[in-house]
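One structure below.
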Amino acid sequence: MRLIYALILTVIAALPARAEVDIQEVTSPGGITAWLVEEPSIPFVALEIRFRGGASLDAPGKRGAINLMTGLLEEGAGEMDARAFSRATEALATNLSFDVSDDALSVSARFLTENLAPSIDLLRAALQEPRFDEDAIERVRGQVISNIQSNQKDPNKIAQQTFDRIAFGDHPYGSSLNGTLESVAGLTRDDLLAAHRAVLARDRIIVGAVGDITPEELGQMLDKLLGGLPAEGAPMPPRAEVDIPSGTTVVDFATPQSVALFGQPGLAQDDPDWFTATVLNHVLGGGGFESRLMTEVREKRGLTYGVYSYLAPRDLAETYLGSVSSSNDRIADAIEVIRAEWAKAAAEGITQEELDAAKTYITGAYPLRFDGNTPIANILVGMQMLGLPTDYIATRNDRVEAVTLEDVKRVAAELLEPENLHFVVVGQPEGLEAADTAQE
Amino acid sequence: MIRLPMMAALVATLFTAPAAQAGQTENEAVTHFTLDNGMEVVVVEDHRAPVVQQMVWYRAGSADEPKGSSGVAHFLEHLLFKATDKLEAGEFSATVAANGGRDNAFTSYDYTAYYQRVAADRLGLMMEMEADRMKNIRLTPENIETERDVILEERNQRTENNPAALFSEQLNAAQYLNHRYGVPIIGWKHEMEELDLEDALSFYELYYSPNNAILVVSGDVTPEEVRELAEATYGQIPANPALPERLRTEEPPQIAERRLIYKDARVAQPYVRRSYLAQERDSGEQEEAAALLLLSELLGGGTTSYLAEKLQFDAQIANYTGAFYKADTLDDTTFDLVVLPVPGVSLQQAEEALDEALAQFMEAGVDPEHLERLKAQLRADQIYARDDADRVAHRYGSALAIGLTVEDVQAWPDVLQAVTAEDIMQAARDLFDKRASVTGWLMKEDAQ
């Protein structure tokens, strides 16, 4: 049997499928804006809301307040205590979830069209009238403390928190949004009310909706859901200074496999070189099995199950990060290979063949993301977080196609800093150069 | 509610969410047929986006491995990304990527599956390549050596570095006295270290053939297109007449309650976990499994569940409680309960509170309103499921791989809706026999 399809399809592979998404910009009667994709074929709606600022708006000395507050939004609202609220959402088969990151508090809702009105009533109560009952506060506080204690024994979390502390220092990005055992123990109900006022305000709302709902219905829904929130929240935190020293930090932790997180300064998503850097990273460590790091560290040497690199642009700082795990007696080899690949790419860039393969992947994979109401709703809020226009989807692949080999070579030389690539290693690694090692 | 990350890890060592098993109003979009060589084909249509996913499921998992070669099913899964007669090592995934797609594979107790997600017009190429590696892999001694290191690092990452996973392994091993579900899918480390080319190839030659495989295609595709492409690719491969009947060793009567303690310095949050041997879904007989699924939701399915109510809200002795039931297995499965106590409450007290709550539940019976809410959610899930054709595809693939039929899958939502409170209590009475259970305590190293 011959691979006839391979021959035919290589020729047309440069013509990826197009993502056909018709985004409407909706403004409610009360002035709240949202992006909507109408998709009436399935009788439900996926709704995503973001409040910018997220956990980075914690007041001084109150680290963890916004995270605890977020965890309490579904633990009692209006007339309902925690259990009554849960029973009400279950009876409607409505899914509500609340989460918070460094840059945003996220609300994800999914409800049947036939249950739209009562679902919105529940979500409105959670957002506008959370009760913060004392017993609920203590229960959720216990869960947060359990999390913090678990993270202290998790090598991946230890690596993450150590790296953040090194890179961002006193900025909120430099510490865990969970807070510390001490800070969480000290939080009061007033702190939670203040955290709620700081984050849930109308001057920082982003909305994406996809499904069986009209622009008029969405507009009315937005006013009901969000119109009663205060006009302004807390001022946004300042940008973070990214200060990553060279070398390796070892955190001693008795476990058979060392976990390493590595990184250096990155670049912003509105940087003119963003797509060039995306292509570069795909070749270096972003693509799955065929990236250079995966080929060298896993496929050729069997040093790890997985090694990845990724550009990490956030609202207030940009880093370029990666991760790898190898048993304690092999992690030094893995790190050496990664450093060498970083240096090689900085010096030489990539090949034409790699550029072509990266472009076909990146452009071809893009439309594959638009494959359901829930993923599309997430894309809509993600685009708005970045300030992208609605026609971005149509032009994005052209910008990838425009990247040249020379661009990649220039950006690789400017962006990659092999001598400053800092490794945090959690475990009991053997053979890491002593001069390199700063014991924590 | 705060999601507990260590609970996520624990749940990962247990099962996927049972709600994902429910519902398919998408029946009209599902087509099923069989090629002349015995390969079953399922097509799940969703024309909203120009995307397609191909999955090939083999009815061969870790529980089908020969004794002493634990991990070989999963090892072979890795090796299928190496060279074939037509492709160099790594070229399979590189070709998928160069066409804008992503591919991967996974191994379970009862099956091994390979999948690619690509633009719909690339489906033919994917089938060509997947059919090629069903028969034509070419392995070298270097492949074996390097990839064995990779799976050992995978075991390090998933298990050796994770006390909850090590605990789970020990608990499963104690639960099964005579069945391969007691051996970890990834393998015991000392046996993985000895896996060789011959182990991998003999598993491959025995089990990888069209009459032991199920093709599931979901997305922007028609059954006619799939049939045509499948006949041109997989259809050209002859059936393996030597495919053995799928017979497994059976559990003897379990007559002795088992208890175990695992201590590890890396444990931050001790907990109690108990597993009971339980009935799984059987073709044409899914009623008991449906009752057990609803039982798990009633007891430990979230904030409003019975255990949460008793132990988290009333007695306030637990940070987390849960119940897990994995219905989709070929042989006897398990039903698991977990209690993670608040500081100051011992595991002994947590276990006693669990037993007391179970006894009260058996006394009180099913809250009819709670059961009705669960059924409403299962009905809604039939609508939500239509947003994710790949999830529907996964459901059919795993079901057919464990001996269920398309009819069983399509009957399942109705079987769930038909479950009565009395069915659930009868299933609970049959289930909660401590002689068929293992109770484990995961503890800190220094704990008494």
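Residues are referred to by chain and number: the chain letter is A, B, ... according to the order shown in the structure tokens, the number counts from 1 in that chain, and ligands are numbered separately from 1 in the order shown.
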
Who sits within 10 Å of Ala399 of chain B, only C-alpha atoms, same chain under 5 positions skipped, as a VMD selection string:
chain B and resid 281 to 283 328 to 330 393 to 394 404 to 406 408 to 409

As a PyMOL selection string, please: every residue in segment 155-365 of chain B that a backbone DSSP assignment puts in helix (DSSP H, G or I).
chain B and resi 155-160+163-175+180-182+189-192+197-207+210-212+223-232+234-236+287-300+306-314+347-364

Residues of chain A near chain B: apply a cut-off of 6 Å, count only C-alpha atoms, and supply the list as a list of chain:residue names.
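So the residues of chain A near chain B are A:Tyr5, A:Ala6, A:Ala13, A:Gly71, A:Glu90, A:Ala91, A:Ala93, A:Gln143, A:Asn147, A:Gln149, A:Ser150, A:Lys153, A:Thr255, A:Glu290, A:Gly302, A:Thr304, A:Tyr305, A:Ala357, A:Thr360, A:Tyr361, A:Gly364, A:Ala365, A:Leu368, A:Asp371, A:Gly372.
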
Selected residue of minimal separation from Glu318 of chain A among A:Glu417, A:Glu182, A:Asp154, A:Asp270, counting only C-alpha atoms:
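Of all the options, A:Asp270 lies closest to Glu318 of chain A.
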
Test item: residues at most 9 Å from Met362 of chain B, only C-alpha atoms, excluding those fewer than 6 positions along its chain, as number ranges by chain:
B: 425, 428-429

Take the residues from that selection and put them in a file with C-alpha atoms, as a PDB file, in the first residue's frame.
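Output saved as out-v1.pdb:
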ATOM      1  CA  MET B 425     -31.040   0.616  47.822  1.00  0.00           C
ATOM      2  CA  ALA B 428     -26.269  -0.598  47.850  1.00  0.00           C
ATOM      3  CA  ARG B 429     -27.179  -3.630  49.997  1.00  0.00           C
TER       4      ARG B 429
END

Spatial neighbours of Asp355 of chain B, max dist 12 Å, only C-alpha atoms, sep filter under 2 positions, as a ChimeraX atom specification:
/B:272-274,307,310-311,337-339,348-353,357-362,432-434,439

Quick one, how far is atom CA of Ile42 of chain A from atom CA of Val217 of chain B?
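Separation between atom CA of Ile42 of chain A and atom CA of Val217 of chain B: 20.8 Å.
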
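One finds atom CA of Tyr308 of chain A at 6.9 Å from atom CA of Val324 of chain A.
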
Please, what distance in Å, to one decimal, runs between atom CA of Ala239 of chain B and atom CA of Ala29 of chain B?
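Taking atom CA of Ala239 of chain B and atom CA of Ala29 of chain B, their separation equals 28.5 Å.
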
If we count only C-alpha atoms, what is near Val216 of chain B at a cut-off of 9 Å, once residues fewer than 3 positions away on the same chain are taken out, given as a ChimeraX atom specification?
/B:40-44,53-57,393-394,396-397

Restrict the selected residues to C-alpha atoms and save them as an mmCIF file, in the first residue's frame.
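To be explicit, this is the file written out as part.cif:
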data_model
loop_
_atom_site.group_PDB
_atom_site.id
_atom_site.type_symbol
_atom_site.label_atom_id
_atom_site.label_comp_id
_atom_site.auth_asym_id
_atom_site.auth_seq_id
_atom_site.Cartn_x
_atom_site.Cartn_y
_atom_site.Cartn_z
ATOM 1 C CA GLU B 40 -16.301 -2.158 13.549
ATOM 2 C CA VAL B 41 -16.888 1.461 12.521
ATOM 3 C CA VAL B 42 -18.831 4.201 14.320
ATOM 4 C CA VAL B 43 -19.410 7.646 12.812
ATOM 5 C CA VAL B 44 -20.578 10.599 14.933
ATOM 6 C CA GLN B 53 -11.272 13.199 14.865
ATOM 7 C CA GLN B 54 -10.236 9.653 14.102
ATOM 8 C CA MET B 55 -9.844 7.115 16.906
ATOM 9 C CA VAL B 56 -8.813 3.491 16.583
ATOM 10 C CA TRP B 57 -9.515 1.390 19.663
ATOM 11 C CA ALA B 393 -17.029 9.345 20.041
ATOM 12 C CA HIS B 394 -15.048 8.445 23.130
ATOM 13 C CA TYR B 396 -18.870 4.696 21.828
ATOM 14 C CA GLY B 397 -15.259 3.644 21.422
#
